[in-house]
file entry03.cif (mmCIF, C-alpha atoms)
data_target
#
loop_
_atom_site.label_atom_id
_atom_site.label_comp_id
_atom_site.auth_asym_id
_atom_site.auth_seq_id
_atom_site.Cartn_x
_atom_site.Cartn_y
_atom_site.Cartn_z
CA MET A 1 0.00 0.00 0.00
CA ALA A 2 1.30 3.44 -0.92
CA SER A 3 2.10 5.82 1.90
CA GLU A 4 0.07 8.95 2.55
CA ASP A 5 2.90 11.07 1.14
CA ALA A 6 2.99 9.01 -2.04
CA ARG A 7 -0.78 9.34 -2.49
CA TYR A 8 -0.63 13.09 -1.95
CA ARG A 9 2.06 13.44 -4.62
CA GLU A 10 -0.38 11.92 -7.11
CA THR A 11 -3.00 14.63 -6.52
CA SER A 12 -3.50 17.67 -8.73
CA GLN A 13 -3.06 19.86 -5.66
CA PHE A 14 0.58 18.82 -5.46
CA GLN A 15 1.36 18.34 -9.14
CA ALA A 16 -0.34 21.45 -10.54
CA TRP A 17 -0.71 23.89 -7.63
CA SER A 18 2.39 23.54 -5.43
CA PHE A 19 5.13 26.11 -5.95
CA SER A 20 8.22 27.48 -4.31
CA PRO A 21 8.08 31.15 -3.27
CA ALA A 22 10.24 32.10 -6.27
CA GLN A 23 8.01 30.19 -8.68
CA LEU A 24 4.87 31.79 -7.24
CA ALA A 25 6.32 35.29 -7.53
CA ALA A 26 7.39 34.59 -11.12
CA MET A 27 3.89 33.39 -12.02
CA ARG A 28 2.33 36.55 -10.63
CA GLU A 29 4.79 38.71 -12.52
CA LYS A 30 4.02 36.84 -15.73
CA THR A 31 0.25 37.05 -15.24
CA ASN A 32 0.48 40.77 -14.59
CA ALA A 33 2.70 41.40 -17.62
CA ILE A 34 0.43 39.46 -19.99
CA ALA A 35 -2.66 41.27 -18.69
CA ARG A 36 -1.03 44.68 -19.12
CA GLN A 37 -0.08 43.89 -22.70
CA ARG A 38 -3.48 42.49 -23.73
CA ILE A 39 -5.52 45.20 -22.02
CA ALA A 40 -3.37 47.88 -23.63
CA GLU A 41 -3.91 46.31 -27.05
CA ARG A 42 -7.68 46.17 -26.56
CA MET A 43 -7.83 49.77 -25.32
CA LEU A 44 -5.85 51.00 -28.31
CA ALA A 45 -8.01 48.94 -30.68
CA SER A 46 -11.27 50.26 -29.22
CA ALA A 47 -9.95 53.83 -29.35
CA SER A 48 -8.90 53.52 -33.00
CA ASN A 49 -12.21 51.87 -33.97
CA PRO A 50 -14.97 53.79 -32.20
CA PRO A 51 -18.60 52.63 -32.56
CA THR A 52 -20.16 53.34 -35.93
CA SER A 53 -23.14 55.06 -34.36
CA ASN A 54 -20.91 57.77 -32.96
CA ASN A 55 -19.31 58.39 -36.37
CA THR A 56 -22.57 58.57 -38.33
CA SER A 57 -24.44 60.67 -35.81
CA HIS A 58 -21.88 63.47 -36.08
CA ALA A 59 -20.90 63.04 -39.71
CA ASN A 60 -22.75 66.12 -40.93
CA THR A 61 -22.45 68.17 -37.78
CA PRO A 62 -20.49 71.40 -38.40
CA ASP A 63 -17.46 72.20 -36.32
CA PRO A 64 -18.53 74.33 -33.33
CA SER A 65 -15.46 76.51 -33.83
CA GLY A 66 -16.63 77.44 -37.32
CA HIS A 67 -13.65 75.89 -39.09
CA GLY A 68 -13.87 73.05 -41.56
CA THR A 69 -10.78 71.24 -40.27
CA PRO A 70 -11.26 68.27 -37.91
CA ASN A 71 -10.19 68.36 -34.30
CA PRO A 72 -6.54 67.22 -34.20
CA THR A 73 -7.06 65.44 -30.86
CA GLU A 74 -9.49 62.97 -32.43
CA ASN A 75 -6.78 61.02 -34.25
CA SER A 76 -4.12 61.27 -31.57
CA THR A 77 -2.88 58.16 -29.81
CA PRO A 78 -4.85 57.64 -26.57
CA THR A 79 -3.01 57.70 -23.27
CA LEU A 80 -2.91 54.34 -21.52
CA PRO A 81 -3.82 54.22 -17.82
CA ASP A 82 -1.50 53.36 -14.99
CA PHE A 83 -1.80 49.58 -14.61
CA LEU A 84 -1.74 47.69 -11.33
CA LYS A 85 1.53 46.25 -10.12
CA PRO A 86 1.80 42.62 -8.94
CA GLU A 87 1.93 43.67 -5.29
CA GLU A 88 -1.18 45.80 -5.76
CA GLU A 89 -2.98 42.87 -7.33
CA ALA A 90 -1.94 40.69 -4.38
CA LEU A 91 -3.33 43.29 -1.97
CA LEU A 92 -6.67 43.34 -3.76
CA VAL A 93 -6.82 39.54 -3.89
CA SER A 94 -6.30 39.40 -0.12
CA PHE A 95 -9.03 41.99 0.38
CA TYR A 96 -11.51 40.10 -1.78
CA VAL A 97 -10.60 36.81 -0.07
CA SER A 98 -11.60 38.43 3.22
CA GLU A 99 -14.86 39.47 1.53
CA LEU A 100 -15.36 35.88 0.33
CA LEU A 101 -14.90 34.58 3.88
CA ARG A 102 -17.48 37.06 5.12
CA ALA A 103 -19.85 35.93 2.38
CA ALA A 104 -19.29 32.30 3.40
CA ASP A 105 -20.17 33.19 7.00
CA HIS A 106 -23.32 34.89 5.72
CA LEU A 107 -24.31 31.76 3.80
CA GLY A 108 -23.47 29.47 6.71
CA VAL A 109 -21.62 26.96 4.53
CA PRO A 110 -19.50 24.12 6.03
CA ASP A 111 -15.79 24.58 6.64
CA GLU A 112 -14.79 22.50 3.62
CA VAL A 113 -16.95 24.56 1.24
CA ARG A 114 -15.58 27.78 2.66
CA ALA A 115 -11.98 26.62 2.24
CA THR A 116 -12.48 25.06 -1.21
CA ALA A 117 -14.17 28.20 -2.57
CA THR A 118 -11.29 30.32 -1.29
CA VAL A 119 -8.69 28.03 -2.86
CA PHE A 120 -10.56 28.16 -6.18
CA PHE A 121 -10.65 31.96 -5.99
CA ARG A 122 -6.92 32.26 -5.23
CA ARG A 123 -6.00 29.79 -7.97
CA PHE A 124 -8.11 31.65 -10.50
CA PHE A 125 -6.43 34.98 -9.81
CA LEU A 126 -3.02 33.37 -9.90
CA THR A 127 -3.39 32.51 -13.60
CA ASN A 128 -5.72 35.45 -14.41
CA SER A 129 -5.17 39.08 -13.56
CA ILE A 130 -7.59 40.91 -11.32
CA MET A 131 -7.57 43.59 -14.06
CA THR A 132 -9.16 41.13 -16.49
CA TYR A 133 -12.15 39.69 -14.62
CA PRO A 134 -14.30 41.31 -11.88
CA PRO A 135 -13.29 39.91 -8.47
CA GLN A 136 -16.52 40.96 -6.78
CA GLU A 137 -18.59 38.78 -9.12
CA MET A 138 -16.10 35.90 -8.98
CA ILE A 139 -16.68 35.67 -5.21
CA LEU A 140 -20.19 34.28 -5.68
CA VAL A 141 -19.02 32.10 -8.56
CA ALA A 142 -16.29 30.59 -6.36
CA LEU A 143 -18.76 29.90 -3.55
CA PHE A 144 -21.19 28.29 -6.00
CA VAL A 145 -18.56 26.05 -7.64
CA GLY A 146 -16.94 25.28 -4.28
CA SER A 147 -20.28 24.09 -2.93
CA LYS A 148 -20.73 21.71 -5.85
CA ALA A 149 -17.15 20.46 -5.57
CA GLU A 150 -17.84 19.49 -1.94
CA GLY A 151 -21.04 17.62 -2.76
CA ARG A 152 -23.54 20.39 -2.05
CA PHE A 153 -25.75 21.57 -4.91
CA PRO A 154 -27.43 24.86 -4.04
CA ARG A 155 -29.89 26.65 -6.28
CA ILE A 156 -28.69 29.81 -7.96
CA ILE A 157 -31.81 31.67 -6.86
CA GLU A 158 -30.83 31.00 -3.23
CA PHE A 159 -27.50 32.75 -3.78
CA GLN A 160 -29.23 35.68 -5.47
CA GLN A 161 -31.77 36.02 -2.67
CA LYS A 162 -29.16 35.71 0.07
CA PHE A 163 -27.05 38.52 -1.41
CA ASN A 164 -29.92 40.47 -2.96
CA THR A 165 -28.33 40.44 -6.40
CA LYS A 166 -29.37 39.64 -9.97
CA GLN A 167 -25.85 38.60 -10.98
CA ASP A 168 -25.66 35.82 -13.56
CA ILE A 169 -23.52 33.39 -11.56
CA LEU A 170 -23.37 30.84 -14.36
CA ALA A 171 -21.71 33.41 -16.62
CA GLY A 172 -18.43 32.98 -14.73
CA GLU A 173 -18.69 29.29 -13.82
CA PHE A 174 -16.80 27.94 -16.83
CA LEU A 175 -14.19 30.69 -16.53
CA LEU A 176 -13.49 29.70 -12.92
CA CYS A 177 -13.26 26.01 -13.82
CA GLN A 178 -10.96 26.80 -16.72
CA GLY A 179 -8.76 29.00 -14.53
CA ASN A 180 -8.47 26.14 -12.04
CA ARG A 181 -7.50 23.75 -14.88
CA PHE A 182 -10.58 21.70 -13.97
CA ASN A 183 -8.82 20.47 -10.80
CA PHE A 184 -11.69 20.25 -8.33
CA GLU A 185 -10.14 18.13 -5.58
CA VAL A 186 -8.78 20.21 -2.71
CA ARG A 187 -7.34 18.57 0.39
CA HIS A 188 -7.69 20.46 3.65
CA PRO A 189 -6.04 20.15 7.09
CA PHE A 190 -9.26 19.79 9.10
CA ARG A 191 -9.29 16.00 9.27
CA ALA A 192 -5.56 16.00 10.04
CA LEU A 193 -6.32 18.13 13.10
CA MET A 194 -8.90 15.59 14.26
CA GLY A 195 -6.34 12.81 13.92
CA ALA A 196 -3.73 14.82 15.83
CA THR A 197 -6.06 15.39 18.77
CA MET A 198 -6.94 11.68 18.85
CA GLU A 199 -3.23 10.86 18.93
CA LEU A 200 -2.65 13.32 21.77
CA ARG A 201 -5.46 11.75 23.80
CA SER A 202 -3.95 8.30 23.28
CA TYR A 203 -0.83 9.34 25.21
CA GLY A 204 -2.85 9.47 28.43
CA ASP A 205 -0.69 12.01 30.26
CA ILE A 206 -2.01 15.26 28.74
CA ASP A 207 -4.80 17.26 30.36
CA GLU A 208 -8.04 16.99 28.39
CA GLN A 209 -8.87 20.67 28.75
CA ARG A 210 -5.52 21.58 27.27
CA ILE A 211 -6.21 19.41 24.22
CA ILE A 212 -9.70 20.88 23.77
CA ALA A 213 -8.40 24.45 24.00
CA ALA A 214 -5.58 23.75 21.53
CA GLU A 215 -7.95 22.06 19.07
CA LYS A 216 -10.42 24.95 19.20
CA ARG A 217 -7.73 27.57 18.66
CA ALA A 218 -6.05 25.59 15.88
CA HIS A 219 -9.41 25.16 14.13
CA GLU A 220 -9.99 28.92 14.26
CA ILE A 221 -6.58 29.49 12.71
CA LEU A 222 -7.21 26.93 9.95
CA LEU A 223 -10.45 28.70 9.00
CA PHE A 224 -8.65 31.98 8.35
CA SER A 225 -4.85 32.08 8.28
CA PRO A 226 -4.04 29.53 5.51
CA LEU A 227 -6.80 30.98 3.32
CA MET A 228 -5.52 34.53 3.65
CA THR A 229 -1.94 33.53 2.86
CA ASP A 230 -0.18 31.41 0.22
CA ALA A 231 0.04 28.38 2.53
CA TYR A 232 -1.95 26.11 0.21
CA PHE A 233 0.54 26.85 -2.60
CA HIS A 234 3.61 25.97 -0.49
CA TYR A 235 2.73 23.35 2.12
CA THR A 236 0.85 20.08 2.49
CA PRO A 237 -2.35 19.86 4.57
CA SER A 238 -0.53 18.04 7.39
CA GLN A 239 2.19 20.69 7.51
CA ILE A 240 -0.45 23.43 7.67
CA MET A 241 -2.19 21.56 10.48
CA PHE A 242 1.02 21.21 12.50
CA ALA A 243 1.78 24.92 12.00
CA ALA A 244 -1.70 25.89 13.23
CA LEU A 245 -1.40 23.53 16.22
CA SER A 246 2.01 25.01 16.97
CA LEU A 247 0.47 28.49 17.03
CA ALA A 248 -2.23 27.20 19.36
CA ASP A 249 0.06 25.16 21.65
CA ARG A 250 3.67 24.73 20.63
CA GLY A 251 4.30 22.11 23.31
CA LEU A 252 1.63 19.76 22.00
CA ALA A 253 2.82 20.10 18.41
CA GLU A 254 6.41 19.35 19.40
CA ARG A 255 5.27 16.37 21.47
CA LEU A 256 3.50 14.88 18.46
CA ILE A 257 6.55 15.34 16.25
CA GLN A 258 8.89 13.96 18.91
CA GLU A 259 6.74 10.86 19.37
CA THR A 260 6.64 10.29 15.62
CA PHE A 261 10.27 10.95 14.69
CA HIS A 262 12.13 9.37 17.61
CA PHE A 263 13.70 6.26 16.11
CA VAL A 264 17.41 5.74 16.80
CA PRO A 265 19.05 2.83 14.94
CA PRO A 266 20.38 0.12 17.30
CA THR A 267 23.60 -1.77 16.83
CA THR A 268 23.96 -4.55 14.27
CA ASN A 269 23.11 -8.21 14.94
CA ASN A 270 25.56 -10.59 16.56
CA ASP A 271 26.68 -11.84 13.15
CA ASN A 272 27.43 -8.24 12.06
CA THR A 273 24.53 -8.27 9.55
CA PRO A 274 22.30 -5.18 9.31
CA ALA A 275 19.38 -5.37 11.70
CA VAL A 276 15.94 -5.32 10.12
CA THR A 277 12.74 -3.91 11.57
CA PRO A 278 9.18 -4.49 10.38
CA LEU A 279 7.44 -1.51 8.86
CA PRO A 280 4.53 -0.13 10.91
CA GLY A 281 1.61 -2.52 10.57
CA LEU A 282 3.86 -5.44 9.59
CA GLU A 283 5.46 -6.29 12.94
CA ASN A 284 5.02 -10.02 12.23
CA PRO A 285 8.10 -10.91 10.14
CA GLY A 286 6.11 -13.49 8.20
CA ILE A 287 3.56 -11.00 6.91
CA GLY A 288 4.33 -9.57 3.52
CA ARG A 289 7.52 -11.65 3.08
CA LYS A 290 7.99 -13.48 -0.18
CA GLU A 291 10.51 -16.10 -1.18
CA GLY A 292 13.82 -14.48 -1.95
CA GLY A 293 12.65 -11.07 -0.73
CA SER A 294 11.87 -9.08 2.39
CA LYS A 295 8.74 -7.11 1.57
CA GLY A 296 7.53 -5.24 4.65
CA MET A 297 11.02 -5.23 6.19
CA THR A 298 13.53 -2.42 6.27
CA THR A 299 16.96 -2.02 7.75
CA ASN A 300 17.33 0.20 10.78
CA ASP A 301 19.31 2.71 8.75
CA GLU A 302 16.48 2.95 6.25
CA ARG A 303 13.92 3.34 9.01
CA ALA A 304 16.03 6.02 10.66
CA ALA A 305 15.97 7.93 7.37
CA ILE A 306 12.15 7.88 7.54
CA VAL A 307 11.35 8.47 11.23
CA GLY A 308 14.73 9.34 12.71
CA PRO A 309 16.08 12.56 14.28
CA GLY A 310 17.49 13.77 10.96
CA ILE A 311 14.14 13.91 9.21
CA ARG A 312 12.57 15.30 12.38
CA ASP A 313 14.77 18.40 12.19
CA LYS A 314 13.81 18.87 8.54
CA VAL A 315 10.10 18.55 9.33
CA MET A 316 10.42 21.00 12.21
CA GLY A 317 12.07 23.54 9.90
CA THR A 318 9.25 23.27 7.37
CA ILE A 319 6.57 23.58 10.04
CA GLU A 320 8.32 26.59 11.53
CA ALA A 321 8.36 28.33 8.13
CA CYS A 322 4.67 27.60 7.67
CA ARG A 323 4.01 28.81 11.21
CA ASN A 324 5.68 32.13 10.44
CA MET A 325 3.51 32.54 7.34
CA LEU A 326 0.28 31.82 9.21
CA SER A 327 1.24 34.18 12.02
CA THR A 328 1.03 37.13 9.60
CA GLU A 329 -2.73 36.59 9.23
CA LEU A 330 -4.10 35.38 12.53
CA PRO A 331 -7.90 35.37 13.07
CA GLU A 332 -7.59 38.63 15.00
CA ARG A 333 -6.74 40.29 11.67
CA LYS A 334 -10.34 39.99 10.51
CA SER A 335 -11.02 43.44 11.93
CA HIS A 336 -8.07 44.78 9.92
CA TRP A 337 -9.73 43.97 6.59
CA THR A 338 -13.08 45.39 7.69
CA SER A 339 -11.62 48.58 9.17
CA GLU A 340 -12.89 51.76 7.50
CA SER A 341 -9.56 53.52 7.96
CA ILE A 342 -7.65 50.67 6.32
CA PHE A 343 -10.13 50.60 3.46
CA LYS A 344 -9.78 54.32 2.82
CA SER A 345 -5.99 54.43 3.08
CA GLN A 346 -5.00 51.16 1.35
CA ILE A 347 -7.85 49.54 -0.57
CA ARG A 348 -9.82 52.43 -2.05
CA PRO A 349 -6.88 54.03 -3.93
CA VAL A 350 -6.03 50.69 -5.57
CA ARG A 351 -9.66 49.98 -6.45
CA LYS A 352 -9.94 53.44 -7.99
CA LYS A 353 -6.85 52.66 -10.04
CA LEU A 354 -8.41 49.35 -11.07
CA THR A 355 -11.52 51.04 -12.50
CA LYS A 356 -9.29 52.85 -15.01
CA CYS A 357 -7.21 49.89 -16.16
CA ARG A 358 -9.67 47.00 -16.23
CA ASP A 359 -10.19 44.97 -19.38
CA PRO A 360 -12.93 46.59 -21.52
CA ASP A 361 -13.84 43.32 -23.27
CA ARG A 362 -13.88 40.85 -20.36
CA TRP A 363 -15.14 42.77 -17.35
CA ASN A 364 -18.82 42.14 -18.13
CA LEU A 365 -19.15 38.37 -17.66
CA SER A 366 -22.68 38.11 -19.02
CA GLU A 367 -21.78 39.97 -22.21
CA LEU A 368 -18.60 37.94 -22.56
CA GLN A 369 -20.57 34.71 -22.25
CA ARG A 370 -23.09 35.89 -24.88
CA GLN A 371 -20.32 36.81 -27.33
CA ARG A 372 -18.60 33.47 -26.89
CA ARG A 373 -21.84 31.57 -27.43
CA GLU A 374 -22.50 33.47 -30.64
CA ALA A 375 -18.95 32.84 -31.81
CA GLY A 376 -19.40 29.14 -31.07
CA VAL A 377 -22.61 29.02 -33.12
CA ARG A 378 -20.94 30.75 -36.05
CA ARG A 379 -18.00 28.39 -35.87
CA ALA A 380 -20.32 25.37 -35.80
CA ASP A 381 -22.22 26.67 -38.83
CA SER A 382 -19.02 27.21 -40.78
CA GLU A 383 -17.89 23.68 -39.99
CA GLU A 384 -21.19 22.13 -41.12
CA ARG A 385 -21.02 23.60 -44.63
CA PRO A 386 -17.81 21.89 -45.76
CA ALA A 387 -18.96 18.74 -43.97
CA ALA A 388 -22.04 18.60 -46.19
CA SER A 389 -19.95 19.01 -49.35
CA ASN A 390 -17.66 16.23 -48.26
CA GLY A 391 -20.50 13.72 -47.93
CA ALA A 392 -19.38 11.79 -51.00
CA LYS A 393 -15.86 11.42 -49.60
CA ASP A 394 -17.22 10.20 -46.26
CA ALA A 395 -19.53 7.77 -48.05
CA ALA A 396 -16.56 6.28 -49.85
CA ILE A 397 -14.91 5.57 -46.52
CA PHE A 398 -17.82 4.57 -44.30
CA GLY A 399 -20.20 3.27 -46.97
CA GLY A 400 -23.64 4.50 -47.93
CA ASP A 401 -24.92 7.98 -48.58
CA LEU A 402 -24.21 10.40 -45.69
CA SER A 403 -26.20 13.28 -47.10
CA ALA A 404 -29.16 14.81 -45.30
CA ASP A 405 -31.74 12.65 -47.09
CA ALA A 406 -29.78 9.43 -46.59
CA PRO A 407 -32.11 8.08 -43.84
CA GLU A 408 -35.11 8.55 -46.14
CA LYS A 409 -33.35 6.72 -48.99
CA LYS A 410 -32.47 3.88 -46.67
CA ARG A 411 -36.08 3.63 -45.46
CA ARG A 412 -37.38 3.42 -49.01
CA LYS A 413 -34.85 0.69 -49.81
CA VAL A 414 -35.88 -1.37 -46.77
CA ASP A 415 -39.58 -0.98 -47.56
CA GLY A 416 -39.03 -2.21 -51.13
CA ASN A 417 -39.17 -5.82 -52.27
CA GLY A 418 -35.53 -6.01 -53.25
CA LEU A 419 -34.35 -6.97 -49.75
CA GLU A 420 -33.66 -10.72 -49.59
CA ASP A 421 -31.04 -11.10 -46.88
CA PRO A 422 -31.18 -8.70 -43.90
CA PHE A 423 -27.43 -9.15 -43.45
CA GLY A 424 -26.57 -8.36 -47.07
CA GLY A 425 -25.13 -10.48 -49.81
CA PRO A 426 -22.40 -13.07 -49.46
CA LEU A 427 -18.94 -11.88 -48.57
#

call {"tool": "encode", "arguments": {"input": "entry03.cif", "output": "structure tokens"}}
result
Amino acid sequence: MASEDARYRETSQFQAWSFSPAQLAAMREKTNAIARQRIAERMLASASNPPTSNNTSHANTPDPSGHGTPNPTENSTPTLPDFLKPEEEALLVSFYVSELLRAADHLGVPDEVRATATVFFRRFFLTNSIMTYPPQEMILVALFVGSKAEGRFPRIIEFQQKFNTKQDILAGEFLLCQGNRFNFEVRHPFRALMGATMELRSYGDIDEQRIIAAEKRAHEILLFSPLMTDAYFHYTPSQIMFAALSLADRGLAERLIQETFHFVPPTTNNDNTPAVTPLPGLENPGIGRKEGGSKGMTTNDERAAIVGPGIRDKVMGTIEACRNMLSTELPERKSHWTSESIFKSQIRPVRKKLTKCRDPDRWNLSELQRQRREAGVRRADSEERPAASNGAKDAAIFGGDLSADAPEKKRRKVDGNGLEDPFGGPL
């Protein structure tokens, strides 16, 4: 049986959405640069090709100045706005994540739905710029898709009534799925926390009230801190759980790690051969052993490399790094993101800047969906025409007439008296 680590490495969360800090920063830089280039191109194109109605309505209107020459500013190159920087985009993403968490509290969704929707939202705006698609509308889309990904299937009208909005949530559903590369499985640290508390209780020498208090505080941290930071992009669910438990009660977290990674290799056997130890769950040497092999057995040196002091120090270093990341956004920071002074001094200037540099062609999700549907219909129509002309070629390959009236011809042939063998003539 594969280990838990091996199974996690097979998930899309690890293979497609785990990055080093340098890789994550490079992706955000690239996303921002591509968005700036494309939005600038669309703004210049729309400025050079104004709507026809504007041109015709003023075609015969005399110049107010009394001169027959056109206004020289009409043909001048438009000035591009000041685009958002990657750090400004990251600030807005964090702000809208806090808004998503507030919306999840308003809906009363389970913890898994809340966390999955937030992960979907952060993934989407990692590969798409916040200047391209409206984050406020994508909040409800993320909650809707996150609910379905976790096995809950709410009605759209319920979302609209809860938030008193007429937003077309389905208009952004495919965009969100596409931005997440259709990876809908998200693993969270909540069940790992339950397992950790069960393990702590099994020791028998830890006060129950201490365990309850640590579990409650760690759960509060898991509902906010990893979602407001990049923890899901850098660490595994178990590492995030240990970091949250360490913030809640460092002593209990270190006790768990010490009890897990405590193996010290003993001396060799009397005949100077390497000592072997059954893997956990295979303490009976006969279990899992095949002729000529030692399945289920490992030398003490190999076991020390898995659960020895050396790997313990490495795990502690990773958990400490994750702990430092979570400590920047503790649950007490909720009031920071809802503070009016913070909104006026930090968020409002960036949002005002966003209104001037947003994508003119993709900001309206409903209109974008309508245009793409019409383009799909036109493309399908254009593909059907050559297909009809190629009916003779297809008939030569597949047999029979593939034209539109082929079923009628076949029916007439079957109804006639020329059919002798239902399976055709001899081969």

call {"tool": "residues_around", "arguments": {"input": "entry03.cif", "residues": "Arg123 of chain A", "least_positions_apart": "5", "cutoff": "9 Å", "atoms": "all atoms listed in the file", "output": "number ranges by chain"}}
result
A: 17, 118, 128, 176, 179-180, 233

call {"tool": "residues_around", "arguments": {"input": "entry03.cif", "residues": "Ser18 of chain A", "least_positions_apart": "2", "cutoff": "8 Å", "atoms": "all atoms listed in the file", "output": "ChimeraX atom specification"}}
result
/A:13-16,20,232-235

call {"tool": "resolve_selection", "arguments": {"input": "entry03.cif", "expression": "the PyMOL selection byres ((chain A and resi 185) around 12)", "output": "VMD selection string"}}
result
chain A and resid 8 10 to 14 16 to 17 112 to 113 115 to 117 119 to 120 145 to 146 148 to 151 177 180 to 184 186 to 188

call {"tool": "residues_around", "arguments": {"input": "entry03.cif", "residues": "segment 364-374 of chain A", "least_positions_apart": "2", "cutoff": "8 Å", "atoms": "all atoms listed in the file", "output": "CSV table (one decimal) with C-alpha atoms, in the frame of the given file"}}
result
chain,number,residue,atom,x,y,z
A,133,TYR,CA,-12.2,39.7,-14.6
A,134,PRO,CA,-14.3,41.3,-11.9
A,168,ASP,CA,-25.7,35.8,-13.6
A,171,ALA,CA,-21.7,33.4,-16.6
A,172,GLY,CA,-18.4,33.0,-14.7
A,361,ASP,CA,-13.8,43.3,-23.3
A,362,ARG,CA,-13.9,40.8,-20.4
A,376,GLY,CA,-19.4,29.1,-31.1
A,377,VAL,CA,-22.6,29.0,-33.1
A,378,ARG,CA,-20.9,30.8,-36.0

call {"tool": "atom_distance", "arguments": {"input": "entry03.cif", "atom1": "atom CA of Asp207 of chain A", "atom2": "atom CA of Arg255 of chain A"}}
result
13.5 Å

call {"tool": "atom_distance", "arguments": {"input": "entry03.cif", "atom1": "atom CA of Pro226 of chain A", "atom2": "atom CA of Pro331 of chain A"}}
result
10.3 Å

call {"tool": "residues_around", "arguments": {"input": "entry03.cif", "residues": "Ala40 of chain A", "least_positions_apart": "5", "cutoff": "10 Å", "atoms": "only C-alpha atoms", "output": "list of chain:residue names"}}
result
A:Ile34, A:Ala35, A:Ala45, A:Ser46, A:Thr79, A:Leu80, A:Pro81, A:Phe83, A:Cys357, A:Arg358, A:Asp359, A:Pro360

call {"tool": "closest_residue", "arguments": {"input": "entry03.cif", "among": "A:Phe261, A:Leu252, A:Thr236, A:Phe242", "to": "Ile206 of chain A", "atoms": "all atoms listed in the file"}}
result
A:Leu252

call {"tool": "residues_around", "arguments": {"input": "entry03.cif", "residues": "Ala244 of chain A", "least_positions_apart": "5", "cutoff": "12 Å", "atoms": "only C-alpha atoms", "output": "PyMOL selection string"}}
result
chain A and resi 189-190+192-193+196+214-226+231+237-239+249-250+252-253+319-327+329-331

call {"tool": "atom_distance", "arguments": {"input": "entry03.cif", "atom1": "atom CA of Val350 of chain A", "atom2": "atom CA of Lys85 of chain A"}}
result
9.9 Å

call {"tool": "resolve_selection", "arguments": {"input": "entry03.cif", "expression": "the PyMOL selection byres ((chain A and resi 95-108) around 9)", "output": "MDAnalysis selection string"}}
result
chainID A and resid 90:94 109:110 113:115 117:118 121:122 135:136 139:140 142:143 159 162:163 223:224 227:228 334 337:338 347

call {"tool": "closest_residue", "arguments": {"input": "entry03.cif", "among": "A:Met194, A:Ala6, A:Thr127, A:Glu87", "to": "Lys30 of chain A", "atoms": "all atoms listed in the file"}}
result
A:Thr127

call {"tool": "closest_residue", "arguments": {"input": "entry03.cif", "among": "A:Ala22, A:Ile157, A:Ala243, A:Leu354", "to": "Glu89 of chain A", "atoms": "all atoms listed in the file"}}
result
A:Leu354

call {"tool": "axis_aligned_box", "arguments": {"input": "entry03.cif", "around": "segment 315-326 of chain A", "padding_each_side": "6 Å", "output": "lines of an AutoDock Vina configuration file"}}
result
center_x = 6.2
center_y = 25.5
center_z = 9.8
size_x = 23.8
size_y = 26.0
size_z = 16.9

call {"tool": "decode", "arguments": {"input": "entry03.cif", "residues": "segment 28-38 of chain A", "atoms": "N, CA and C atoms", "output": "CSV table (one decimal), in the first residue's frame"}}
result
chain,number,residue,atom,x,y,z
A,28,ARG,N,3.1,35.3,-10.8
A,28,ARG,CA,2.3,36.5,-10.6
A,28,ARG,C,2.9,37.7,-11.5
A,29,GLU,N,4.2,37.7,-11.6
A,29,GLU,CA,4.8,38.7,-12.5
A,29,GLU,C,4.4,38.4,-14.0
A,30,LYS,N,4.4,37.2,-14.4
A,30,LYS,CA,4.0,36.8,-15.7
A,30,LYS,C,2.5,37.1,-16.0
A,31,THR,N,1.7,36.8,-15.1
A,31,THR,CA,0.2,37.0,-15.2
A,31,THR,C,0.0,38.5,-15.4
A,32,ASN,N,0.7,39.3,-14.5
A,32,ASN,CA,0.5,40.8,-14.6
A,32,ASN,C,1.0,41.4,-15.9
A,33,ALA,N,2.1,40.9,-16.4
A,33,ALA,CA,2.7,41.4,-17.6
A,33,ALA,C,1.8,41.1,-18.8
A,34,ILE,N,1.3,39.8,-18.9
A,34,ILE,CA,0.4,39.5,-20.0
A,34,ILE,C,-0.9,40.3,-20.0
A,35,ALA,N,-1.4,40.5,-18.8
A,35,ALA,CA,-2.7,41.3,-18.7
A,35,ALA,C,-2.4,42.7,-19.1
A,36,ARG,N,-1.3,43.3,-18.7
A,36,ARG,CA,-1.0,44.7,-19.1
A,36,ARG,C,-0.9,44.8,-20.6
A,37,GLN,N,-0.3,43.9,-21.3
A,37,GLN,CA,-0.1,43.9,-22.7
A,37,GLN,C,-1.4,43.7,-23.4
A,38,ARG,N,-2.2,42.8,-23.0
A,38,ARG,CA,-3.5,42.5,-23.7
A,38,ARG,C,-4.5,43.6,-23.5
